Amino acid sequence: MASNPQKTNDSWMGSRLARKEDLRLVTGQGKYISDIVLPRMLHAVFVRSDRAHAKIVSIDTSAALALPGVVCVVTGDDIVDELRSMPQPVLLPNLPAKYPTFYPLCVGKVKFHGAPVALVIARDKYVAEDAAELVEIEYEELPVVVDPEAALEPGAPLINEDHDDNEIFSMTFTGGTTQAEHDANDKEVEEIFQNADVTIKERFRVHRTGLTPMEPRGVLCDWSDSDGLTAWITTQRPHIDRLAIIDLLDIPADKVRVIAPRDQGGGFGVKAPFFRENVIIAHMARKLGQPVRWIESRYESLMNVGQERDQINYLEVAATQDGKLLALRNRGIADNGTGETGVYWGFVMPFLGAVELPNTYTWDKADVKLRVAVTNKACLTPSRAFGHFPTRFAIERAVDMIAHKIGMEPSDLRRKNLIPHLPYTSTTGEYYDSGDFVQVWDNLMSHIDMAKFREEQQAARSEGRYIGIGFGTGVELSGMASEVLVPMENQPGYGAASVRLDPRGTALVFGGDAPGGQGHETSVAQIVASAFGIEPQDTVTTTGDTATTPFGSGTIGARGASYFMSAVHNACVEIKVKIARILAHDLGISATLDDFEFVDGQVVLRSDRSVKKSFRDIVERIIMHPINMPPGEVGGLEATVYFEAAKPMICFNADFCTVEVDIHSGEFKITKWVSSEDVGNVINPLIVDGQMHGAIVQGLSNTMFEEFIYNDQGQQLTADFENYKIANAADMPDIEVTYSPSPCPHTPLGTRGIGEGRPSSVPGALSNAICDALLPFGIEITELPLRPGAIWKKIQESQA
């Protein structure tokens, strides 16, 4: 859709303003971490394990060290006495788990294929690559475990010898906090199932997949004895990374500065953890007294990060014959990988997935339990739809299965069971603050005539064609309140922003979160322009530099529009109050902010619009000529504001898609995709449309194509784009995004965050559409990915 840069209702809020960032990005003027070059910079390359589970018998670095240009080769044994191991308190959630102890380089043994065993540093990147191939490692093989259910069996080979089993985390999410309360709740749920008219019980399996940023990770560190460490890191959370480096390397806090590059090629959660590579690069820069840079290869990226989902959910649902959902029971099992990633440790994602299992529906009771197993795979790392891509697939499929069993239209069953009024607390204790689920659903349904579709479906079947329609819904987090984030990640949830006006009327905005392409510069400029009545181009935004920005927990959990932008707006209001106070003094009148309007570069008295002063003039007067001021007033126009919502906040979406399935091959085509979104008041529809399109495409790609595959020996077989297929434009349908907004009452602009969870409703909607098309065959899909071969096999089994 074309961009319209015009203001809407005398405000830049809600305008389809073209992204400020795009000019430099599309003309090759972006500055990514690979573009940052420092004098005397050295280059680092990791030597990674080619085994999944093995003792390290010996490491011979002599041939690598003999190569001209090589500065050093470092192993795990070389560093154990030079820095602290993980975990450290700043990287630990407030959740009961068995956290593994590990160093940036493997010590004693390797636990997954691709683990870092040694580090080569050279004066040239290509010399470092050549030297890495000369490092010889002797291993002693250990038993490999790649199946989470097998890992949890008594007597399974241990991944971490200092633990007595492979269960890193387990929790019951329903019924209370004590074992007696859990037991009583479980009994009540069992009674509901015993007396229910209809039940379903299935094993739902979602494969290991995730998101793959266009730009892999990178770290560049520089050490100065006078200034300390400056680290450029591709990260979503520079302030958290700074604290971790301080603690792990025992560097004074005033000697560490972390900068997230202004431009990053995507994050999607993948760059939110604290990674072991950051520590060793920082350590070596300090030790060598020279800048050291590591740029991750695509092979390394696919071996180590972006791997999520990977859950089994044994889900049961009870309902009445007329379609009232009564109770759900779930036994979740998640494959954590090794658990060696700071902040999230793998299990935090399935933890939140279990919390969000009830989704948008009312339940009388629930019994939800989760076990998470360590295995010889790379640790799970966050991806959009954090933890609940698998649980959302399971619950949305189960709802359709109930509908099929009682002969009810799945869309009618959903509407009947949508939470009718908010606020609401789910059976797992998740708080839904505000919105109107039914309104959003009805908006979706206004884009399909179900009676007509069913007629077309019957006609198509008579011609040997199989078409279907599927639905999915999703409650998503709109930012992460401290009351959620502190227990989950041991970090605050507030948003923070500093706004400073310069004497020429330009607004300078500083934020501690680090975006990865979401359009923060544009959205911030629209908020500031709307607040001060200036043009968006008169705002400059700086993010992700811990030396110049207020503390922020990072670009995670859809915090942008909900938390960071709220802080920006409130900082602008604080400055406007001061401007109004001084202008009223200069005019010799009694007036407050409410008596003035900031519009079209002017500050205008509402009661007499002939009384006004240009925004630039009053700003320059306050900053440059702070004389004859109101009593007690000083010059300067700057405010730092921290925003914390009164309650955790949500956004909501619903989708439908239509498909046609070829029963002779299992191939299917998505013929239509429509979404209905409640994202609150929209700052920039162009950016929100892009977020929605991107999230739905990522969900479809995960559902249909992407899969990380490990063989029985733990070898990762999908570490390139030839074997790890990502959807392209030709694979995707046209997507129609519609809106049914309800302003959030807990943010000053009525905005909601929308970027994080959106892909989660996609696999359920698509699977439901295929099952609807194949209803004559009685096919129910319970596993992902959705591949034509698997669909064809189910058709053959049904016909047999």
# chains A, B, ... in the order shown; residues from 1 in each chain; ligands from 1

$ residues_around --residues "Ala132 (chain A)" --least-positions-apart "6" --cutoff "7 Å" --atoms "only C-alpha atoms" --output "NGL selection string"
:A and (45 or 47 or 64 or 120)

$ select_by_dssp --residues "region 722-793 of chain A" --states "strand (DSSP E or B)" --output "PyMOL selection string"
chain A and resi 735-739+751+783

$ residues_around --residues "Gly778 (chain A)" --least-positions-apart "2" --cutoff "12 Å" --atoms "only C-alpha atoms" --output "PyMOL selection string"
chain A and resi 401+404-405+770-776+780-781+794-799

$ write_last_selection --atoms "all heavy atoms" --output "short mmCIF file (atom, residue, chain, number, x, y, z; two decimals), in the first residue's frame"
data_model
loop_
_atom_site.label_atom_id
_atom_site.label_comp_id
_atom_site.auth_asym_id
_atom_site.auth_seq_id
_atom_site.Cartn_x
_atom_site.Cartn_y
_atom_site.Cartn_z
N MET A 401 -10.96 -29.89 16.67
CA MET A 401 -11.28 -31.30 16.85
C MET A 401 -12.58 -31.46 17.65
O MET A 401 -13.40 -32.33 17.35
CB MET A 401 -10.13 -32.02 17.56
CG MET A 401 -8.90 -32.20 16.70
SD MET A 401 -7.60 -33.06 17.61
CE MET A 401 -6.30 -33.08 16.39
N HIS A 404 -15.37 -30.67 15.25
CA HIS A 404 -15.63 -31.80 14.34
C HIS A 404 -16.41 -32.91 15.05
O HIS A 404 -17.28 -33.55 14.47
CB HIS A 404 -14.30 -32.36 13.81
CG HIS A 404 -13.53 -31.39 12.97
ND1 HIS A 404 -12.19 -31.54 12.68
CD2 HIS A 404 -13.91 -30.24 12.34
CE1 HIS A 404 -11.78 -30.54 11.92
NE2 HIS A 404 -12.81 -29.74 11.71
N LYS A 405 -16.06 -33.13 16.31
CA LYS A 405 -16.65 -34.25 17.04
C LYS A 405 -18.14 -34.01 17.33
O LYS A 405 -18.93 -34.96 17.35
CB LYS A 405 -15.88 -34.46 18.35
CG LYS A 405 -15.85 -35.91 18.81
CD LYS A 405 -14.76 -36.13 19.85
CE LYS A 405 -14.64 -37.61 20.19
NZ LYS A 405 -13.61 -37.86 21.23
N ILE A 770 -6.53 -27.00 6.29
CA ILE A 770 -6.25 -28.25 5.56
C ILE A 770 -7.14 -29.37 6.07
O ILE A 770 -7.69 -30.15 5.29
CB ILE A 770 -4.75 -28.59 5.69
CG1 ILE A 770 -3.91 -27.56 4.92
CG2 ILE A 770 -4.47 -30.00 5.17
CD1 ILE A 770 -2.42 -27.67 5.15
N CYS A 771 -7.29 -29.46 7.39
CA CYS A 771 -8.17 -30.50 7.95
C CYS A 771 -9.63 -30.27 7.53
O CYS A 771 -10.37 -31.23 7.31
CB CYS A 771 -8.05 -30.53 9.47
SG CYS A 771 -6.45 -31.12 10.06
N ASP A 772 -10.04 -29.01 7.44
CA ASP A 772 -11.40 -28.71 6.99
C ASP A 772 -11.59 -29.14 5.54
O ASP A 772 -12.64 -29.71 5.19
CB ASP A 772 -11.66 -27.20 7.13
CG ASP A 772 -13.08 -26.82 6.78
OD1 ASP A 772 -14.00 -27.19 7.54
OD2 ASP A 772 -13.29 -26.16 5.74
N ALA A 773 -10.58 -28.92 4.71
CA ALA A 773 -10.67 -29.36 3.32
C ALA A 773 -10.76 -30.87 3.22
O ALA A 773 -11.46 -31.41 2.35
CB ALA A 773 -9.46 -28.85 2.54
N LEU A 774 -10.06 -31.56 4.11
CA LEU A 774 -9.99 -33.03 4.06
C LEU A 774 -10.93 -33.69 5.06
O LEU A 774 -10.76 -34.86 5.41
CB LEU A 774 -8.55 -33.47 4.32
CG LEU A 774 -7.50 -32.93 3.32
CD1 LEU A 774 -6.10 -33.38 3.73
CD2 LEU A 774 -7.82 -33.38 1.90
N LEU A 775 -11.95 -32.96 5.49
CA LEU A 775 -12.89 -33.50 6.47
C LEU A 775 -13.55 -34.81 6.00
O LEU A 775 -13.77 -35.72 6.83
CB LEU A 775 -13.97 -32.46 6.80
CG LEU A 775 -14.69 -32.63 8.14
CD1 LEU A 775 -13.72 -32.64 9.31
CD2 LEU A 775 -15.72 -31.51 8.32
N PRO A 776 -13.85 -34.98 4.72
CA PRO A 776 -14.42 -36.27 4.28
C PRO A 776 -13.51 -37.46 4.55
O PRO A 776 -13.97 -38.60 4.61
CB PRO A 776 -14.63 -36.06 2.78
CG PRO A 776 -14.78 -34.58 2.61
CD PRO A 776 -13.85 -33.99 3.63
N GLU A 780 -6.92 -35.50 10.90
CA GLU A 780 -6.60 -34.49 11.90
C GLU A 780 -5.08 -34.38 11.99
O GLU A 780 -4.39 -35.36 12.25
CB GLU A 780 -7.19 -34.86 13.27
CG GLU A 780 -8.70 -34.97 13.31
CD GLU A 780 -9.41 -33.62 13.24
OE1 GLU A 780 -8.73 -32.60 12.98
OE2 GLU A 780 -10.64 -33.59 13.43
N ILE A 781 -4.56 -33.19 11.77
CA ILE A 781 -3.12 -32.95 11.80
C ILE A 781 -2.69 -32.66 13.23
O ILE A 781 -3.27 -31.81 13.91
CB ILE A 781 -2.75 -31.78 10.87
CG1 ILE A 781 -2.99 -32.19 9.41
CG2 ILE A 781 -1.31 -31.33 11.09
CD1 ILE A 781 -2.91 -31.03 8.44
N LYS A 794 -1.34 -39.29 5.09
CA LYS A 794 -2.56 -39.36 5.88
C LYS A 794 -3.77 -39.67 5.00
O LYS A 794 -4.68 -40.42 5.40
CB LYS A 794 -2.78 -38.05 6.64
CG LYS A 794 -1.93 -37.91 7.89
CD LYS A 794 -2.25 -36.63 8.65
CE LYS A 794 -1.55 -36.60 10.00
NZ LYS A 794 -2.10 -37.59 10.96
N ILE A 795 -3.80 -39.09 3.80
CA ILE A 795 -4.91 -39.37 2.88
C ILE A 795 -4.91 -40.85 2.49
O ILE A 795 -5.97 -41.50 2.46
CB ILE A 795 -4.80 -38.47 1.63
CG1 ILE A 795 -5.01 -37.00 2.02
CG2 ILE A 795 -5.83 -38.88 0.58
CD1 ILE A 795 -4.69 -36.02 0.91
N GLN A 796 -3.72 -41.38 2.20
CA GLN A 796 -3.63 -42.79 1.82
C GLN A 796 -4.07 -43.69 2.96
O GLN A 796 -4.78 -44.69 2.75
CB GLN A 796 -2.19 -43.13 1.40
CG GLN A 796 -1.67 -42.32 0.23
CD GLN A 796 -2.64 -42.30 -0.94
OE1 GLN A 796 -3.02 -43.35 -1.47
NE2 GLN A 796 -3.05 -41.10 -1.35
N GLU A 797 -3.64 -43.36 4.18
CA GLU A 797 -4.04 -44.17 5.34
C GLU A 797 -5.54 -44.12 5.54
O GLU A 797 -6.18 -45.13 5.88
CB GLU A 797 -3.31 -43.67 6.59
CG GLU A 797 -1.81 -43.93 6.58
CD GLU A 797 -1.09 -43.23 7.73
OE1 GLU A 797 -1.74 -42.40 8.39
OE2 GLU A 797 0.11 -43.49 7.93
N SER A 798 -6.14 -42.97 5.32
CA SER A 798 -7.59 -42.83 5.47
C SER A 798 -8.32 -43.66 4.42
O SER A 798 -9.30 -44.36 4.73
CB SER A 798 -7.99 -41.36 5.34
OG SER A 798 -9.38 -41.22 5.29
N GLN A 799 -7.85 -43.62 3.19
CA GLN A 799 -8.51 -44.37 2.12
C GLN A 799 -8.33 -45.87 2.29
O GLN A 799 -9.18 -46.66 1.87
CB GLN A 799 -7.96 -43.91 0.77
CG GLN A 799 -8.39 -42.49 0.40
CD GLN A 799 -7.80 -42.03 -0.92
OE1 GLN A 799 -6.68 -42.41 -1.28
NE2 GLN A 799 -8.53 -41.19 -1.64
#

$ select_by_dssp --residues "region 158-250 of chain A" --states "helix (DSSP H, G or I)" --output "JSON, numbers by chain"
{"A": [179, 180, 181, 182, 183, 184, 185, 186, 187, 188, 189, 190, 191, 192, 193, 194, 195, 238, 239, 240, 241, 242, 243, 244, 245, 246, 247, 248, 249]}

$ residues_around --residues "region 517-525 of chain A" --least-positions-apart "4" --cutoff "10 Å" --atoms "only C-alpha atoms" --output "PyMOL selection string"
chain A and resi 12-15+17-22+25+262-268+507-509+511+513+529-531+534-543+555+560-561+564-566+568-569+682-684+686-688+690-691+755

$ residues_around --residues "Val189 (chain A)" --least-positions-apart "6" --cutoff "10 Å" --atoms "only C-alpha atoms" --output "number ranges by chain"
A: 175, 183, 318, 326-329, 364-367

$ write_last_selection --atoms "all heavy atoms" --output "PDB file, in the first residue's frame"
ATOM      1  N   GLY A 175      -3.923 -24.220  39.683  1.00  0.00           N
ATOM      2  CA  GLY A 175      -4.450 -24.782  40.920  1.00  0.00           C
ATOM      3  C   GLY A 175      -3.925 -24.193  42.197  1.00  0.00           C
ATOM      4  O   GLY A 175      -4.469 -24.463  43.272  1.00  0.00           O
ATOM      5  N   ASP A 183      -2.936 -31.003  43.815  1.00  0.00           N
ATOM      6  CA  ASP A 183      -3.635 -32.287  43.836  1.00  0.00           C
ATOM      7  C   ASP A 183      -5.147 -32.091  43.835  1.00  0.00           C
ATOM      8  O   ASP A 183      -5.882 -32.802  43.129  1.00  0.00           O
ATOM      9  CB  ASP A 183      -3.218 -33.090  45.072  1.00  0.00           C
ATOM     10  CG  ASP A 183      -1.766 -33.547  45.007  1.00  0.00           C
ATOM     11  OD1 ASP A 183      -1.180 -33.508  43.904  1.00  0.00           O
ATOM     12  OD2 ASP A 183      -1.212 -33.909  46.067  1.00  0.00           O
ATOM     13  N   ALA A 318     -12.051 -30.964  27.328  1.00  0.00           N
ATOM     14  CA  ALA A 318     -13.407 -31.435  27.622  1.00  0.00           C
ATOM     15  C   ALA A 318     -14.397 -30.339  27.273  1.00  0.00           C
ATOM     16  O   ALA A 318     -14.136 -29.155  27.488  1.00  0.00           O
ATOM     17  CB  ALA A 318     -13.534 -31.792  29.105  1.00  0.00           C
ATOM     18  N   LEU A 326     -14.952 -26.689  28.600  1.00  0.00           N
ATOM     19  CA  LEU A 326     -15.015 -26.849  30.052  1.00  0.00           C
ATOM     20  C   LEU A 326     -13.645 -26.853  30.715  1.00  0.00           C
ATOM     21  O   LEU A 326     -13.404 -26.131  31.678  1.00  0.00           O
ATOM     22  CB  LEU A 326     -15.753 -28.141  30.394  1.00  0.00           C
ATOM     23  CG  LEU A 326     -17.208 -28.249  29.934  1.00  0.00           C
ATOM     24  CD1 LEU A 326     -17.741 -29.646  30.233  1.00  0.00           C
ATOM     25  CD2 LEU A 326     -18.062 -27.182  30.603  1.00  0.00           C
ATOM     26  N   ALA A 327     -12.779 -27.701  30.220  1.00  0.00           N
ATOM     27  CA  ALA A 327     -11.491 -27.867  30.902  1.00  0.00           C
ATOM     28  C   ALA A 327     -10.435 -28.295  29.906  1.00  0.00           C
ATOM     29  O   ALA A 327     -10.730 -28.895  28.865  1.00  0.00           O
ATOM     30  CB  ALA A 327     -11.608 -28.900  32.024  1.00  0.00           C
ATOM     31  N   LEU A 328      -9.193 -27.976  30.241  1.00  0.00           N
ATOM     32  CA  LEU A 328      -8.068 -28.484  29.454  1.00  0.00           C
ATOM     33  C   LEU A 328      -7.046 -29.075  30.399  1.00  0.00           C
ATOM     34  O   LEU A 328      -6.919 -28.664  31.557  1.00  0.00           O
ATOM     35  CB  LEU A 328      -7.462 -27.388  28.571  1.00  0.00           C
ATOM     36  CG  LEU A 328      -6.782 -26.181  29.195  1.00  0.00           C
ATOM     37  CD1 LEU A 328      -5.319 -26.466  29.528  1.00  0.00           C
ATOM     38  CD2 LEU A 328      -6.848 -24.990  28.258  1.00  0.00           C
ATOM     39  N   ARG A 329      -6.331 -30.059  29.875  1.00  0.00           N
ATOM     40  CA  ARG A 329      -5.273 -30.720  30.646  1.00  0.00           C
ATOM     41  C   ARG A 329      -4.098 -30.929  29.697  1.00  0.00           C
ATOM     42  O   ARG A 329      -4.275 -31.430  28.589  1.00  0.00           O
ATOM     43  CB  ARG A 329      -5.787 -32.042  31.211  1.00  0.00           C
ATOM     44  CG  ARG A 329      -4.753 -32.806  32.030  1.00  0.00           C
ATOM     45  CD  ARG A 329      -5.402 -33.843  32.936  1.00  0.00           C
ATOM     46  NE  ARG A 329      -6.312 -34.731  32.238  1.00  0.00           N
ATOM     47  CZ  ARG A 329      -7.247 -35.467  32.843  1.00  0.00           C
ATOM     48  NH1 ARG A 329      -7.383 -35.415  34.168  1.00  0.00           N
ATOM     49  NH2 ARG A 329      -8.054 -36.255  32.154  1.00  0.00           N
ATOM     50  N   ASP A 364     -13.359 -23.449  32.580  1.00  0.00           N
ATOM     51  CA  ASP A 364     -13.733 -23.561  33.994  1.00  0.00           C
ATOM     52  C   ASP A 364     -12.536 -23.976  34.843  1.00  0.00           C
ATOM     53  O   ASP A 364     -12.328 -23.462  35.945  1.00  0.00           O
ATOM     54  CB  ASP A 364     -14.863 -24.582  34.168  1.00  0.00           C
ATOM     55  CG  ASP A 364     -16.147 -24.157  33.475  1.00  0.00           C
ATOM     56  OD1 ASP A 364     -16.278 -22.956  33.158  1.00  0.00           O
ATOM     57  OD2 ASP A 364     -17.005 -25.031  33.232  1.00  0.00           O
ATOM     58  N   LYS A 365     -11.762 -24.895  34.299  1.00  0.00           N
ATOM     59  CA  LYS A 365     -10.620 -25.423  35.044  1.00  0.00           C
ATOM     60  C   LYS A 365      -9.529 -25.834  34.060  1.00  0.00           C
ATOM     61  O   LYS A 365      -9.802 -26.121  32.887  1.00  0.00           O
ATOM     62  CB  LYS A 365     -11.013 -26.643  35.884  1.00  0.00           C
ATOM     63  CG  LYS A 365     -11.739 -26.324  37.188  1.00  0.00           C
ATOM     64  CD  LYS A 365     -10.752 -25.795  38.237  1.00  0.00           C
ATOM     65  CE  LYS A 365     -11.467 -25.498  39.546  1.00  0.00           C
ATOM     66  NZ  LYS A 365     -10.509 -25.006  40.559  1.00  0.00           N
ATOM     67  N   ALA A 366      -8.303 -25.918  34.561  1.00  0.00           N
ATOM     68  CA  ALA A 366      -7.189 -26.408  33.750  1.00  0.00           C
ATOM     69  C   ALA A 366      -6.169 -27.088  34.646  1.00  0.00           C
ATOM     70  O   ALA A 366      -6.040 -26.764  35.834  1.00  0.00           O
ATOM     71  CB  ALA A 366      -6.542 -25.272  32.975  1.00  0.00           C
ATOM     72  N   ASP A 367      -5.468 -28.008  34.056  1.00  0.00           N
ATOM     73  CA  ASP A 367      -4.375 -28.715  34.716  1.00  0.00           C
ATOM     74  C   ASP A 367      -3.212 -28.712  33.722  1.00  0.00           C
ATOM     75  O   ASP A 367      -3.217 -29.463  32.746  1.00  0.00           O
ATOM     76  CB  ASP A 367      -4.814 -30.139  35.067  1.00  0.00           C
ATOM     77  CG  ASP A 367      -3.666 -31.018  35.561  1.00  0.00           C
ATOM     78  OD1 ASP A 367      -2.570 -30.478  35.825  1.00  0.00           O
ATOM     79  OD2 ASP A 367      -3.875 -32.246  35.673  1.00  0.00           O
TER      80      ASP A 367
END

$ closest_residue --among "A:Gly753, A:Pro216, A:Pro96, A:Gly505" --to "Ile168 (chain A)" --atoms "only C-alpha atoms"
A:Pro96

$ residues_around --residues "Pro89 (chain A)" --least-positions-apart "2" --cutoff "9 Å" --atoms "only C-alpha atoms" --output "number ranges by chain"
A: 86-87, 91-93, 244, 247, 490

$ write_last_selection --atoms "N, CA and C atoms" --output "PDB file, in the first residue's frame"
ATOM      1  N   MET A  86      29.553 -18.818  33.729  1.00  0.00           N
ATOM      2  CA  MET A  86      28.122 -18.615  33.863  1.00  0.00           C
ATOM      3  C   MET A  86      27.569 -19.845  34.568  1.00  0.00           C
ATOM      4  N   PRO A  87      26.485 -19.690  35.360  1.00  0.00           N
ATOM      5  CA  PRO A  87      25.634 -18.506  35.477  1.00  0.00           C
ATOM      6  C   PRO A  87      26.176 -17.460  36.450  1.00  0.00           C
ATOM      7  N   LEU A  91      22.119 -12.812  34.999  1.00  0.00           N
ATOM      8  CA  LEU A  91      21.658 -13.617  33.869  1.00  0.00           C
ATOM      9  C   LEU A  91      20.713 -14.731  34.287  1.00  0.00           C
ATOM     10  N   LEU A  92      20.300 -14.757  35.564  1.00  0.00           N
ATOM     11  CA  LEU A  92      19.456 -15.837  36.058  1.00  0.00           C
ATOM     12  C   LEU A  92      18.016 -15.378  36.235  1.00  0.00           C
ATOM     13  N   PRO A  93      17.049 -16.094  35.684  1.00  0.00           N
ATOM     14  CA  PRO A  93      15.649 -15.806  36.001  1.00  0.00           C
ATOM     15  C   PRO A  93      15.344 -16.164  37.450  1.00  0.00           C
ATOM     16  N   ALA A 244      26.303  -7.924  32.314  1.00  0.00           N
ATOM     17  CA  ALA A 244      26.866  -9.281  32.288  1.00  0.00           C
ATOM     18  C   ALA A 244      28.376  -9.241  32.084  1.00  0.00           C
ATOM     19  N   ASP A 247      30.161  -8.211  35.292  1.00  0.00           N
ATOM     20  CA  ASP A 247      30.220  -9.256  36.309  1.00  0.00           C
ATOM     21  C   ASP A 247      31.140 -10.404  35.901  1.00  0.00           C
ATOM     22  N   ASN A 490      14.456 -11.761  35.803  1.00  0.00           N
ATOM     23  CA  ASN A 490      15.215 -11.058  36.826  1.00  0.00           C
ATOM     24  C   ASN A 490      15.644  -9.675  36.348  1.00  0.00           C
TER      25      ASN A 490
END

$ closest_residue --among "A:Asp222, A:Leu42, A:His585, A:Pro741" --to "Lys125 (chain A)" --atoms "only C-alpha atoms"
A:Leu42

$ residues_around --residues "Glu161 (chain A)" --least-positions-apart "4" --cutoff "12 Å" --atoms "only C-alpha atoms" --output "compact mmCIF listing (two decimals) with N, CA, C and O atoms, in the first residue's frame"
# COMPACT_ATOMS: atom_id res chain seq x y z
N LYS A 55 34.17 -36.18 25.36
CA LYS A 55 35.22 -35.61 26.19
C LYS A 55 36.31 -35.05 25.29
O LYS A 55 36.63 -35.62 24.24
N LYS A 98 17.75 -26.11 37.27
CA LYS A 98 19.11 -26.61 37.45
C LYS A 98 19.98 -26.01 36.34
O LYS A 98 20.04 -26.53 35.23
N PRO A 100 23.10 -25.02 34.21
CA PRO A 100 24.43 -25.60 33.96
C PRO A 100 25.53 -24.56 34.14
O PRO A 100 25.33 -23.36 33.91
N THR A 101 26.69 -25.01 34.57
CA THR A 101 27.87 -24.16 34.67
C THR A 101 28.69 -24.32 33.39
O THR A 101 28.97 -25.45 32.97
N GLY A 108 36.64 -29.46 29.17
CA GLY A 108 36.46 -30.87 29.54
C GLY A 108 35.68 -31.68 28.54
O GLY A 108 36.06 -32.80 28.23
N LYS A 109 34.58 -31.14 28.04
CA LYS A 109 33.80 -31.89 27.05
C LYS A 109 32.94 -30.94 26.23
O LYS A 109 32.74 -29.77 26.58
N LYS A 111 29.05 -30.53 24.33
CA LYS A 111 27.69 -31.02 24.57
C LYS A 111 26.77 -30.92 23.36
O LYS A 111 25.64 -31.40 23.41
N LEU A 142 30.93 -39.81 23.77
CA LEU A 142 30.01 -40.10 24.86
C LEU A 142 28.63 -40.38 24.27
O LEU A 142 28.33 -39.96 23.14
N ALA A 156 18.95 -42.31 31.74
CA ALA A 156 19.40 -41.72 30.48
C ALA A 156 20.80 -41.12 30.67
O ALA A 156 21.13 -40.63 31.76
N PRO A 157 21.64 -41.15 29.64
CA PRO A 157 22.97 -40.53 29.75
C PRO A 157 22.84 -39.07 30.16
O PRO A 157 22.00 -38.34 29.64
N ASP A 165 19.87 -35.71 36.89
CA ASP A 165 19.07 -36.14 35.74
C ASP A 165 19.08 -35.03 34.71
O ASP A 165 19.77 -34.02 34.87
N ASN A 166 18.33 -35.20 33.64
CA ASN A 166 18.34 -34.25 32.53
C ASN A 166 17.14 -33.29 32.56
O ASN A 166 16.92 -32.59 31.57
N VAL A 374 17.16 -31.29 29.04
CA VAL A 374 18.39 -30.95 28.31
C VAL A 374 18.75 -32.11 27.40
O VAL A 374 18.56 -33.28 27.74

$ atom_distance --atom1 "CA of Val107 (chain A)" --atom2 "CA of Arg286 (chain A)"
21.3 Å

$ closest_atom_pairs --of "region 583-659 of chain A" --to "region 423-439 of chain A" --cutoff "12 Å" --atoms "only C-alpha atoms" --output "JSON lines"
{"residue": "A:Ala645", "atom": "CA", "partner": "A:Asp433", "partner_atom": "CA", "distance": 10.5}
{"residue": "A:Ala646", "atom": "CA", "partner": "A:Asp433", "partner_atom": "CA", "distance": 9.7}
{"residue": "A:Lys647", "atom": "CA", "partner": "A:Asp433", "partner_atom": "CA", "distance": 6.8}
{"residue": "A:Pro648", "atom": "CA", "partner": "A:Asp433", "partner_atom": "CA", "distance": 6.6}
{"residue": "A:Met649", "atom": "CA", "partner": "A:Asp433", "partner_atom": "CA", "distance": 5.4}
{"residue": "A:Ile650", "atom": "CA", "partner": "A:Tyr432", "partner_atom": "CA", "distance": 6.0}
{"residue": "A:Cys651", "atom": "CA", "partner": "A:Gly435", "partner_atom": "CA", "distance": 7.5}
{"residue": "A:Phe652", "atom": "CA", "partner": "A:Phe437", "partner_atom": "CA", "distance": 7.0}
{"residue": "A:Asn653", "atom": "CA", "partner": "A:Phe437", "partner_atom": "CA", "distance": 8.2}
{"residue": "A:Ala654", "atom": "CA", "partner": "A:Phe437", "partner_atom": "CA", "distance": 8.8}

$ write_last_selection --atoms "N, CA and C atoms" --output "compact mmCIF listing (two decimals), in the first residue's frame"
# COMPACT_ATOMS: atom_id res chain seq x y z
N ALA A 645 3.51 0.52 33.17
CA ALA A 645 2.05 0.41 33.16
C ALA A 645 1.57 -0.15 34.49
N ALA A 646 0.33 0.21 34.82
CA ALA A 646 -0.24 -0.25 36.09
C ALA A 646 -0.41 -1.77 36.11
N LYS A 647 -0.64 -2.35 34.95
CA LYS A 647 -0.87 -3.79 34.85
C LYS A 647 -0.19 -4.33 33.59
N PRO A 648 0.11 -5.64 33.55
CA PRO A 648 0.56 -6.23 32.29
C PRO A 648 -0.49 -6.02 31.22
N MET A 649 -0.03 -5.82 29.98
CA MET A 649 -0.93 -5.47 28.89
C MET A 649 -0.86 -6.52 27.78
N ILE A 650 -1.94 -6.57 26.99
CA ILE A 650 -2.02 -7.53 25.91
C ILE A 650 -2.46 -6.84 24.62
N CYS A 651 -2.25 -7.55 23.51
CA CYS A 651 -2.92 -7.25 22.25
C CYS A 651 -3.57 -8.55 21.78
N PHE A 652 -4.37 -8.49 20.72
CA PHE A 652 -5.16 -9.66 20.33
C PHE A 652 -5.30 -9.69 18.82
N ASN A 653 -5.30 -10.89 18.27
CA ASN A 653 -5.50 -11.04 16.83
C ASN A 653 -6.31 -12.29 16.53
N ALA A 654 -6.90 -12.31 15.37
CA ALA A 654 -7.60 -13.49 14.86
C ALA A 654 -7.33 -13.58 13.36
